[in-house]
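Printed here is work29.pdb (PDB, C-alpha atoms):
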MODEL        1
ATOM      1  CA  MET W  29      47.225  -5.658  43.538
ATOM      2  CA  LYS W  30      43.808  -5.650  45.142
ATOM      3  CA  ALA W  31      40.902  -7.970  44.490
ATOM      4  CA  PHE W  32      37.317  -6.838  44.034
ATOM      5  CA  LEU W  33      34.238  -7.905  45.901
ATOM      6  CA  PRO W  34      31.622  -9.703  43.818
ATOM      7  CA  SER W  35      28.885  -7.433  42.512
ATOM      8  CA  ASP W  36      26.211  -9.064  44.677
ATOM      9  CA  ALA W  37      28.154  -8.971  47.941
ATOM     10  CA  CYS W  38      25.760  -6.335  49.273
ATOM     11  CA  MET W  39      24.136  -3.131  48.072
ATOM     12  CA  PRO W  40      26.597  -0.236  48.111
ATOM     13  CA  LEU W  41      26.047   3.325  49.161
ATOM     14  CA  THR W  42      27.634   6.335  47.508
ATOM     15  CA  TYR W  43      28.442   7.735  50.941
ATOM     16  CA  GLY W  44      32.086   8.434  51.739
ATOM     17  CA  GLY W  45      33.420  10.138  54.845
ATOM     18  CA  SER W  46      36.781  11.385  56.030
ATOM     19  CA  PHE W  47      38.374  12.342  59.319
ATOM     20  CA  SER W  48      40.566  15.219  60.444
ATOM     21  CA  ASP W  49      43.708  13.103  60.112
ATOM     22  CA  GLY W  50      42.891  12.343  56.467
ATOM     23  CA  THR W  51      41.748   8.754  57.066
ATOM     24  CA  ARG W  52      38.985   7.795  54.659
ATOM     25  CA  CYS W  53      36.066   5.610  55.616
ATOM     26  CA  ASN W  54      33.874   4.632  52.672
ATOM     27  CA  ALA W  55      30.707   2.762  53.535
ATOM     28  CA  PHE W  56      30.165  -0.302  51.354
ATOM     29  CA  CYS W  57      27.160  -1.446  53.368
ATOM     30  CA  LYS W  58      25.559   0.705  56.005
ATOM     31  CA  ASN W  59      27.986   1.317  58.874
ATOM     32  CA  VAL W  60      30.536  -1.090  57.343
ATOM     33  CA  CYS W  61      33.969   0.043  56.181
ATOM     34  CA  ILE W  62      36.071  -1.615  53.495
ATOM     35  CA  ARG W  63      39.586  -2.652  54.490
ATOM     36  CA  TYR W  64      42.612  -3.916  52.587
ATOM     37  CA  VAL W  65      43.547  -7.340  53.942
ATOM     38  CA  HIS W  66      46.562  -9.611  53.394
ATOM     39  CA  ILE W  67      46.502 -13.259  54.502
ATOM     40  CA  GLN W  68      49.522 -15.566  54.584
ATOM     41  CA  SER W  69      48.727 -19.272  54.794
ATOM     42  CA  GLY W  70      52.159 -20.363  55.985
ATOM     43  CA  ILE W  71      52.213 -23.389  53.638
ATOM     44  CA  THR W  72      53.516 -23.545  50.093
ATOM     45  CA  GLU W  73      50.706 -25.759  48.768
ATOM     46  CA  ALA W  74      47.993 -23.122  49.247
ATOM     47  CA  THR W  75      47.247 -21.279  45.987
ATOM     48  CA  LYS W  76      43.588 -20.365  46.518
ATOM     49  CA  LEU W  77      41.686 -18.941  49.473
ATOM     50  CA  VAL W  78      37.905 -19.224  49.733
ATOM     51  CA  LEU W  79      36.120 -16.955  52.205
ATOM     52  CA  THR W  80      32.519 -17.787  53.065
ATOM     53  CA  GLN W  81      30.110 -15.365  54.684
ATOM     54  CA  GLY W  82      26.627 -16.746  55.091
ATOM     55  CA  ASP W  83      25.538 -18.357  51.821
ATOM     56  CA  THR W  84      28.091 -16.508  49.677
ATOM     57  CA  SER W  85      31.718 -17.410  48.985
ATOM     58  CA  TYR W  86      34.571 -15.381  47.522
ATOM     59  CA  ALA W  87      37.716 -16.840  45.906
ATOM     60  CA  TYR W  88      41.135 -15.188  45.946
ATOM     61  CA  TYR W  89      44.365 -16.402  44.385
ATOM     62  CA  LEU W  90      47.906 -16.283  45.676
ATOM     63  CA  ASP W  91      50.169 -13.344  44.853
ATOM     64  CA  ASP W  92      53.207 -15.493  44.054
ATOM     65  CA  LEU W  93      55.770 -12.709  44.460
ATOM     66  CA  HIS W  94      54.784 -11.779  48.004
ATOM     67  CA  ASP W  95      53.342 -15.179  49.041
ATOM     68  CA  LYS W  96      50.116 -13.499  50.187
ATOM     69  CA  PHE W  97      46.431 -13.436  49.373
ATOM     70  CA  ARG W  98      45.310  -9.819  48.880
ATOM     71  CA  MET W  99      41.733  -8.621  49.018
ATOM     72  CA  VAL W 100      39.310  -5.850  49.899
ATOM     73  CA  LEU W 101      36.636  -6.765  52.436
ATOM     74  CA  PRO W 102      33.815  -5.229  54.445
ATOM     75  CA  GLY W 103      33.241  -6.214  58.053
ATOM     76  CA  GLY W 104      31.718  -9.414  59.339
ATOM     77  CA  SER W 105      32.862 -12.941  60.038
ATOM     78  CA  TYR W 106      34.428 -15.187  57.378
ATOM     79  CA  GLN W 107      35.037 -18.919  57.288
ATOM     80  CA  ALA W 108      38.391 -19.363  55.521
ATOM     81  CA  LYS W 109      39.696 -22.409  53.656
ATOM     82  CA  PHE W 110      42.861 -22.878  51.581
ATOM     83  CA  TYR W 111      43.139 -25.049  48.454
ATOM     84  CA  ASP W 112      46.001 -26.316  46.310
ATOM     85  CA  THR W 113      46.290 -26.209  42.506
ATOM     86  CA  ASN W 114      44.084 -29.324  42.263
ATOM     87  CA  ASP W 115      41.314 -27.653  44.306
ATOM     88  CA  ILE W 116      41.930 -29.964  47.257
ATOM     89  CA  GLU W 117      41.722 -28.321  50.663
ATOM     90  CA  VAL W 118      44.958 -27.951  52.611
ATOM     91  CA  ILE W 119      45.098 -27.101  56.302
ATOM     92  CA  ALA W 120      47.228 -24.089  57.221
ATOM     93  CA  GLY W 121      49.087 -24.215  60.498
ATOM     94  CA  SER W 122      49.201 -20.589  61.690
ATOM     95  CA  PRO W 123      47.792 -18.175  59.094
ATOM     96  CA  VAL W 124      48.791 -14.525  59.489
ATOM     97  CA  VAL W 125      46.206 -11.793  58.836
ATOM     98  CA  SER W 126      47.296  -8.184  58.232
ATOM     99  CA  VAL W 127      44.784  -5.330  58.001
ATOM    100  CA  PHE W 128      45.816  -1.988  56.500
ATOM    101  CA  ARG W 129      44.572   1.602  56.797
ATOM    102  CA  THR W 130      42.270   0.850  59.690
ATOM    103  CA  PRO W 131      39.571   3.560  59.847
ATOM    104  CA  LYS W 132      38.331   5.331  62.921
ATOM    105  CA  CYS W 133      34.930   3.739  62.706
ATOM    106  CA  THR W 134      33.438   0.428  63.733
ATOM    107  CA  GLY W 135      32.474  -2.595  61.710
ATOM    108  CA  TYR W 136      35.579  -3.067  59.574
ATOM    109  CA  ALA W 137      37.271  -6.412  58.995
ATOM    110  CA  ASP W 138      40.099  -7.172  61.412
ATOM    111  CA  GLN W 139      42.205 -10.139  62.491
ATOM    112  CA  SER W 140      39.335 -11.575  64.508
ATOM    113  CA  SER W 141      37.040 -11.637  61.446
ATOM    114  CA  PHE W 142      38.513 -14.872  60.089
ATOM    115  CA  VAL W 143      37.899 -18.423  61.282
ATOM    116  CA  PHE W 144      40.282 -20.865  59.587
ATOM    117  CA  SER W 145      39.376 -24.453  58.861
ATOM    118  CA  THR W 146      41.096 -26.986  61.105
ATOM    119  CA  GLY W 147      39.057 -30.072  60.213
ATOM    120  CA  GLU W 148      39.523 -32.779  57.619
ATOM    121  CA  PRO W 149      40.392 -31.415  54.137
ATOM    122  CA  THR W 150      37.611 -31.357  51.546
ATOM    123  CA  MET W 151      37.372 -30.713  47.840
ATOM    124  CA  SER W 152      37.003 -27.103  46.755
ATOM    125  CA  PRO W 153      33.358 -25.945  46.541
ATOM    126  CA  SER W 154      31.892 -26.073  43.066
ATOM    127  CA  LEU W 155      30.881 -22.951  41.187
ATOM    128  CA  ALA W 156      27.250 -23.319  42.174
ATOM    129  CA  PRO W 157      24.824 -20.447  41.484
ATOM    130  CA  SER W 158      24.879 -19.513  45.173
ATOM    131  CA  LEU W 159      28.604 -18.700  45.003
ATOM    132  CA  SER W 160      29.853 -15.363  43.707
ATOM    133  CA  PHE W 161      33.573 -15.362  43.009
ATOM    134  CA  ALA W 162      35.523 -12.137  42.635
ATOM    135  CA  PRO W 163      36.268 -11.448  38.971
ATOM    136  CA  THR W 164      39.870 -12.067  37.957
ATOM    137  CA  LYS W 165      39.738 -10.071  34.716
ATOM    138  CA  PRO W 166      37.257  -7.879  32.891
ATOM    139  CA  TYR W 167      35.566  -9.444  29.881
ATOM    140  CA  THR W 168      36.547  -6.828  27.302
ATOM    141  CA  VAL W 169      39.445  -6.443  24.885
ATOM    142  CA  PRO W 170      42.423  -4.813  26.667
ATOM    143  CA  ILE W 171      43.340  -1.282  25.620
ATOM    144  CA  ASN W 172      46.624   0.630  25.559
ATOM    145  CA  LEU W 173      46.749   2.270  28.988
ATOM    146  CA  SER W 174      50.134   3.934  28.551
ATOM    147  CA  GLN W 175      49.935   5.988  25.349
ATOM    148  CA  GLY W 176      50.364   9.687  26.028
ATOM    149  CA  LYS W 177      50.747   9.227  29.803
ATOM    150  CA  GLU W 178      53.561  10.869  31.774
ATOM    151  CA  ALA W 179      56.881   9.052  31.272
ATOM    152  CA  SER W 180      60.310   9.487  32.853
ATOM    153  CA  GLN W 181      63.765   7.909  32.713
ATOM    154  CA  ILE W 182      66.824   7.791  34.945
ATOM    155  CA  CYS W 183      68.732  10.337  32.859
ATOM    156  CA  ASN W 184      68.755  11.713  29.312
ATOM    157  CA  TYR W 185      71.262  10.918  26.588
ATOM    158  CA  SER W 186      70.725  14.377  25.162
ATOM    159  CA  SER W 187      69.008  17.551  26.233
ATOM    160  CA  THR W 188      67.185  17.726  22.902
ATOM    161  CA  LYS W 189      66.918  14.124  21.629
ATOM    162  CA  TYR W 190      65.367  10.826  22.703
ATOM    163  CA  PRO W 191      63.150  11.956  25.634
ATOM    164  CA  ALA W 192      61.181   9.535  27.802
ATOM    165  CA  ARG W 193      57.884  10.570  26.210
ATOM    166  CA  HIS W 194      58.939   8.915  22.938
ATOM    167  CA  GLY W 195      58.542   5.554  24.684
ATOM    168  CA  ASN W 196      54.755   5.804  24.765
ATOM    169  CA  ASP W 197      53.854   8.272  22.032
ATOM    170  CA  GLY W 198      52.285   5.578  19.827
ATOM    171  CA  ILE W 199      54.935   5.896  17.099
ATOM    172  CA  ILE W 200      56.724   2.696  16.024
ATOM    173  CA  SER W 201      59.234   3.719  13.398
ATOM    174  CA  THR W 202      62.484   2.598  11.759
ATOM    175  CA  ARG W 203      63.949   6.017  12.548
ATOM    176  CA  ARG W 204      65.918   6.470  15.735
ATOM    177  CA  ARG W 205      64.569   9.994  16.234
ATOM    178  CA  TYR W 206      61.377   8.480  17.697
ATOM    179  CA  MET W 207      63.058   6.339  20.371
ATOM    180  CA  THR W 208      64.065   6.954  24.003
ATOM    181  CA  HIS W 209      67.696   6.862  25.128
ATOM    182  CA  THR W 210      69.192   7.250  28.604
ATOM    183  CA  CYS W 211      72.751   8.131  29.500
ATOM    184  CA  LYS W 212      75.097   5.321  30.491
ATOM    185  CA  ARG W 213      74.191   4.550  34.071
ATOM    186  CA  ALA W 214      73.999   1.421  36.218
ATOM    187  CA  ASN W 215      70.508  -0.112  36.273
ATOM    188  CA  ALA W 216      69.105   2.428  33.839
ATOM    189  CA  TRP W 217      65.297   2.615  33.785
ATOM    190  CA  TRP W 218      62.293   4.049  31.954
ATOM    191  CA  LYS W 219      58.899   4.402  33.648
ATOM    192  CA  VAL W 220      55.330   5.326  32.738
ATOM    193  CA  ASP W 221      52.670   6.624  35.135
ATOM    194  CA  LEU W 222      49.223   5.220  34.271
ATOM    195  CA  GLY W 223      47.567   7.885  36.425
ATOM    196  CA  GLY W 224      46.180   5.433  38.970
ATOM    197  CA  LEU W 225      45.954   1.731  39.722
ATOM    198  CA  LYS W 226      44.865  -0.061  36.548
ATOM    199  CA  GLN W 227      44.362  -3.748  35.810
ATOM    200  CA  ILE W 228      47.223  -4.854  33.552
ATOM    201  CA  GLU W 229      47.081  -7.785  31.149
ATOM    202  CA  SER W 230      50.460  -7.480  29.394
ATOM    203  CA  VAL W 231      53.328  -5.198  28.387
ATOM    204  CA  GLU W 232      54.694  -5.119  24.833
ATOM    205  CA  ILE W 233      58.127  -3.614  24.195
ATOM    206  CA  TRP W 234      59.723  -2.574  20.887
ATOM    207  CA  ASN W 235      63.508  -2.413  20.640
ATOM    208  CA  ARG W 236      65.314   0.271  18.637
ATOM    209  CA  PRO W 237      65.391  -0.723  14.956
ATOM    210  CA  ASP W 238      68.746   0.503  13.670
ATOM    211  CA  CYS W 239      71.485  -0.999  15.880
ATOM    212  CA  CYS W 240      72.678  -1.976  19.352
ATOM    213  CA  GLN W 241      69.670  -4.184  20.159
ATOM    214  CA  PHE W 242      71.832  -6.156  22.612
ATOM    215  CA  ARG W 243      71.626  -3.283  25.108
ATOM    216  CA  LEU W 244      67.978  -4.084  25.778
ATOM    217  CA  SER W 245      68.765  -7.365  27.536
ATOM    218  CA  ASN W 246      68.820  -8.781  31.065
ATOM    219  CA  PHE W 247      66.110  -6.421  32.266
ATOM    220  CA  TYR W 248      63.027  -6.389  34.465
ATOM    221  CA  VAL W 249      59.489  -5.342  33.633
ATOM    222  CA  GLN W 250      58.293  -4.091  37.018
ATOM    223  CA  PHE W 251      54.773  -3.333  38.232
ATOM    224  CA  LEU W 252      54.623  -0.705  40.977
ATOM    225  CA  ASP W 253      51.810   0.478  43.221
ATOM    226  CA  GLU W 254      50.788   4.094  43.835
ATOM    227  CA  TYR W 255      53.653   4.499  46.321
ATOM    228  CA  GLY W 256      56.278   3.226  43.889
ATOM    229  CA  ASP W 257      56.663  -0.107  45.707
ATOM    230  CA  GLU W 258      57.118  -3.181  43.549
ATOM    231  CA  LEU W 259      54.135  -5.512  43.356
ATOM    232  CA  SER W 260      55.580  -8.012  40.883
ATOM    233  CA  SER W 261      58.092  -8.206  38.047
ATOM    234  CA  ILE W 262      59.078 -10.220  34.975
ATOM    235  CA  TYR W 263      62.722 -10.902  34.084
ATOM    236  CA  ASN W 264      63.994 -11.088  30.510
ATOM    237  CA  ASP W 265      67.431 -12.737  30.245
ATOM    238  CA  GLY W 266      68.182 -12.146  26.571
ATOM    239  CA  TYR W 267      67.511  -9.567  23.902
ATOM    240  CA  PHE W 268      65.160  -9.419  20.935
ATOM    241  CA  MET W 269      65.541  -7.697  17.603
ATOM    242  CA  LYS W 270      62.052  -6.241  17.198
ATOM    243  CA  ASN W 271      59.354  -6.581  19.861
ATOM    244  CA  LYS W 272      58.280  -8.892  22.657
ATOM    245  CA  LYS W 273      55.136  -9.239  24.770
ATOM    246  CA  PHE W 274      55.213  -9.985  28.514
ATOM    247  CA  THR W 275      52.089 -11.315  30.265
ATOM    248  CA  ALA W 276      51.527  -9.642  33.635
ATOM    249  CA  GLY W 277      49.854 -12.549  35.430
ATOM    250  CA  ARG W 278      46.698 -12.915  37.494
ATOM    251  CA  ASN W 279      45.048  -9.829  38.985
ATOM    252  CA  VAL W 280      47.891  -7.326  38.526
ATOM    253  CA  PHE W 281      46.835  -3.796  39.468
ATOM    254  CA  ALA W 282      49.597  -1.213  39.153
ATOM    255  CA  ARG W 283      50.011   2.512  38.697
ATOM    256  CA  TYR W 284      53.559   2.504  37.303
ATOM    257  CA  VAL W 285      55.294   0.177  34.853
ATOM    258  CA  ARG W 286      59.091   0.359  34.840
ATOM    259  CA  ILE W 287      61.634  -1.188  32.480
ATOM    260  CA  GLN W 288      64.973  -1.539  34.299
ATOM    261  CA  LEU W 289      68.307  -2.937  33.119
ATOM    262  CA  THR W 290      70.553  -4.985  35.407
ATOM    263  CA  ALA W 291      73.823  -3.788  33.857
ATOM    264  CA  GLY W 292      75.542  -0.519  33.027
ATOM    265  CA  GLU W 293      74.409  -0.001  29.430
ATOM    266  CA  PRO W 294      72.193   2.851  28.275
ATOM    267  CA  LEU W 295      68.540   1.940  27.940
ATOM    268  CA  HIS W 296      66.762   2.717  24.682
ATOM    269  CA  LEU W 297      63.227   1.863  23.631
ATOM    270  CA  MET W 298      61.198   2.473  20.511
ATOM    271  CA  GLU W 299      57.786   1.949  22.134
ATOM    272  CA  VAL W 300      56.120   0.446  25.197
ATOM    273  CA  LYS W 301      52.451  -0.534  25.278
ATOM    274  CA  VAL W 302      50.847  -1.375  28.610
ATOM    275  CA  LEU W 303      47.695  -3.310  27.758
ATOM    276  CA  GLY W 304      44.845  -3.763  30.195
ATOM    277  CA  TRP W 305      41.615  -2.249  31.441
ATOM    278  CA  ASP W 306      40.852   1.222  32.709
ATOM    279  CA  VAL W 307      39.251  -0.136  35.859
ATOM    280  CA  SER W 308      40.701   1.025  39.154
ATOM    281  CA  PRO W 309      40.265  -0.062  42.790
ATOM    282  CA  ASP W 310      39.460   3.622  43.389
ATOM    283  CA  LEU W 311      36.060   2.905  41.852
ATOM    284  CA  LEU W 312      35.576   0.195  44.433
ATOM    285  CA  GLU W 313      36.123   2.619  47.293
ATOM    286  CA  SER W 314      34.228   5.574  45.886
ATOM    287  CA  GLY W 315      31.062   3.774  44.834
ATOM    288  CA  ALA W 316      31.181   5.843  41.638
ATOM    289  CA  SER W 317      28.948   5.000  38.707
ATOM    290  CA  CYS W 318      30.423   3.478  35.557
ATOM    291  CA  SER W 319      31.404   6.259  33.193
ATOM    292  CA  ASP W 320      31.663   4.300  29.935
ATOM    293  CA  SER W 321      30.762   1.013  28.264
ATOM    294  CA  THR W 322      34.212  -0.480  28.900
ATOM    295  CA  GLN W 323      33.791  -0.169  32.653
ATOM    296  CA  CYS W 324      30.216  -1.425  32.597
ATOM    297  CA  ALA W 325      31.260  -4.492  30.572
ATOM    298  CA  SER W 326      34.128  -5.245  32.888
ATOM    299  CA  GLY W 327      32.097  -7.352  35.294
ATOM    300  CA  LEU W 328      32.735  -4.878  38.123
ATOM    301  CA  CYS W 329      29.398  -3.082  37.859
ATOM    302  CA  THR W 330      25.829  -4.069  38.592
ATOM    303  CA  GLY W 331      22.869  -3.626  36.309
ATOM    304  CA  GLU W 332      22.418  -0.281  38.023
ATOM    305  CA  SER W 333      25.852   0.710  36.675
ATOM    306  CA  VAL W 334      27.368   1.131  40.107
ATOM    307  CA  CYS W 335      31.057   0.252  40.429
ATOM    308  CA  TYR W 336      32.396  -1.859  43.259
TER
ENDMDL
END
Would you write the structure of this file as structure tokens?
Amino acid sequence: MKAFLPSDACMPLTYGGSFSDGTRCNAFCKNVCIRYVHIQSGITEATKLVLTQGDTSYAYYLDDLHDKFRMVLPGGSYQAKFYDTNDIEVIAGSPVVSVFRTPKCTGYADQSSFVFSTGEPTMSPSLAPSLSFAPTKPYTVPINLSQGKEASQICNYSSTKYPARHGNDGIISTRRRYMTHTCKRANAWWKVDLGGLKQIESVEIWNRPDCCQFRLSNFYVQFLDEYGDELSSIYNDGYFMKNKKFTAGRNVFARYVRIQLTAGEPLHLMEVKVLGWDVSPDLLESGASCSDSTQCASGLCTGESVCY
């Protein structure tokens, strides 16, 4: 899960460079590299982080699963303040800043880029016109990101029946021939590859219609990054006869969605729909232009149709 910079943070360039070791360095502003940054406040009350650079502020919200604030930032110096759920400032004792994929160029954000507030707490800044907060969700209707994408499962019940691809083929039927079915294996799973990091709003799952609905119980809906590492998950402790929708949460960007049982039953699914927006952090790094109206309406592009 990675946050986006506001569209008016600074004018981007379409320049992107690379080095002999494969490290990429994409210029967001001239001679400034974007870096992935994680910040841990060290206190449980902090649910929002506001970074101020000059006259502009950016808001980021806590990733509850990992207890971190995650963001993408260019270089420079940032004043950092933490706020609780009531937008009242809380003072962090010893915040920890982690910077990933450091490029071999100068001007990127590092641990010394952040100055944390140590004074008297204040109320959270208002959403004045001078502030530009990072968008938390595009402003368009979510689409089915999973239909027709590559799917896999832990093992197959049959060499000819119930393959993984039936789980996202768009067919919701009363006939079992259209469902998926694994062999009997501990912690059986089914997974779909969205083809890249996509912003996910929800996951809707249809159980098999004919029998044995109890098998689809006590399972996790897991959101994985491009390396297959878990970003967040949702646990379902019962079973449902027909279908059920699971809301992903705030700012979930994942490449893979996995349904995984916690017991030793076979896993079978009629259909899985991953709903969200076809907007990827890759666009942020590449400086690519918006390719369709959905992306341009997402709030991640400027009037010049340049993606951040």
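As for CA of Lys76 in chain W and CA of Glu117 in chain W, they are spaced 9.2 Å apart.
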- [ ] Please evaluate the PyMOL selection byres ((chain W and resi 213) around 12) against the structure above and give the resulting residues as a ChimeraX atom specification.
- [x] /W:181-185,209-212,214-217,288-295
Output C-alpha atoms for every residue in that selection, as a PDB file, keeping the file's coordinate frame.
ATOM      1  CA  GLN W 181      63.765   7.909  32.713  1.00  0.00           C
ATOM      2  CA  ILE W 182      66.824   7.791  34.945  1.00  0.00           C
ATOM      3  CA  CYS W 183      68.732  10.337  32.859  1.00  0.00           C
ATOM      4  CA  ASN W 184      68.755  11.713  29.312  1.00  0.00           C
ATOM      5  CA  TYR W 185      71.262  10.918  26.588  1.00  0.00           C
ATOM      6  CA  HIS W 209      67.696   6.862  25.128  1.00  0.00           C
ATOM      7  CA  THR W 210      69.192   7.250  28.604  1.00  0.00           C
ATOM      8  CA  CYS W 211      72.751   8.131  29.500  1.00  0.00           C
ATOM      9  CA  LYS W 212      75.097   5.321  30.491  1.00  0.00           C
ATOM     10  CA  ALA W 214      73.999   1.421  36.218  1.00  0.00           C
ATOM     11  CA  ASN W 215      70.508  -0.112  36.273  1.00  0.00           C
ATOM     12  CA  ALA W 216      69.105   2.428  33.839  1.00  0.00           C
ATOM     13  CA  TRP W 217      65.297   2.615  33.785  1.00  0.00           C
ATOM     14  CA  GLN W 288      64.973  -1.539  34.299  1.00  0.00           C
ATOM     15  CA  LEU W 289      68.307  -2.937  33.119  1.00  0.00           C
ATOM     16  CA  THR W 290      70.553  -4.985  35.407  1.00  0.00           C
ATOM     17  CA  ALA W 291      73.823  -3.788  33.857  1.00  0.00           C
ATOM     18  CA  GLY W 292      75.542  -0.519  33.027  1.00  0.00           C
ATOM     19  CA  GLU W 293      74.409  -0.001  29.430  1.00  0.00           C
ATOM     20  CA  PRO W 294      72.193   2.851  28.275  1.00  0.00           C
ATOM     21  CA  LEU W 295      68.540   1.940  27.940  1.00  0.00           C
TER      22      LEU W 295
END
Task: Result set, the PyMOL selection byres ((chain W and resi 97) around 9) on current file, as a PyMOL selection string - done: chain W and resi 65-69+75-77+88-92+94-96+98-99
Open item on the list: Can you spell out as a PyMOL selection string the set of residues that the PyMOL selection byres ((chain W and resi 238-254) around 10) selects in the structure I just provided?
Closed with: chain W and resi 29+202-204+215-219+221-226+228+231+233-237+255-270+274+276+280-297
Open item on the list: Would you compute the distance between CA of Ser140 in chain W and CA of Ile119 in chain W? Give it in Å to one decimal.
Closed with: 18.5 Å
- [ ] In Å, rounded to a single decimal, give me how far CA of Ala108 in chain W is from CA of Pro123 in chain W.
- [x] 10.1 Å
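Residue nearest Asn279 in chain W, chosen from W:Gln227, W:Ser145, W:Thr72, W:Gln139 and counting only C-alpha atoms: W:Gln227.
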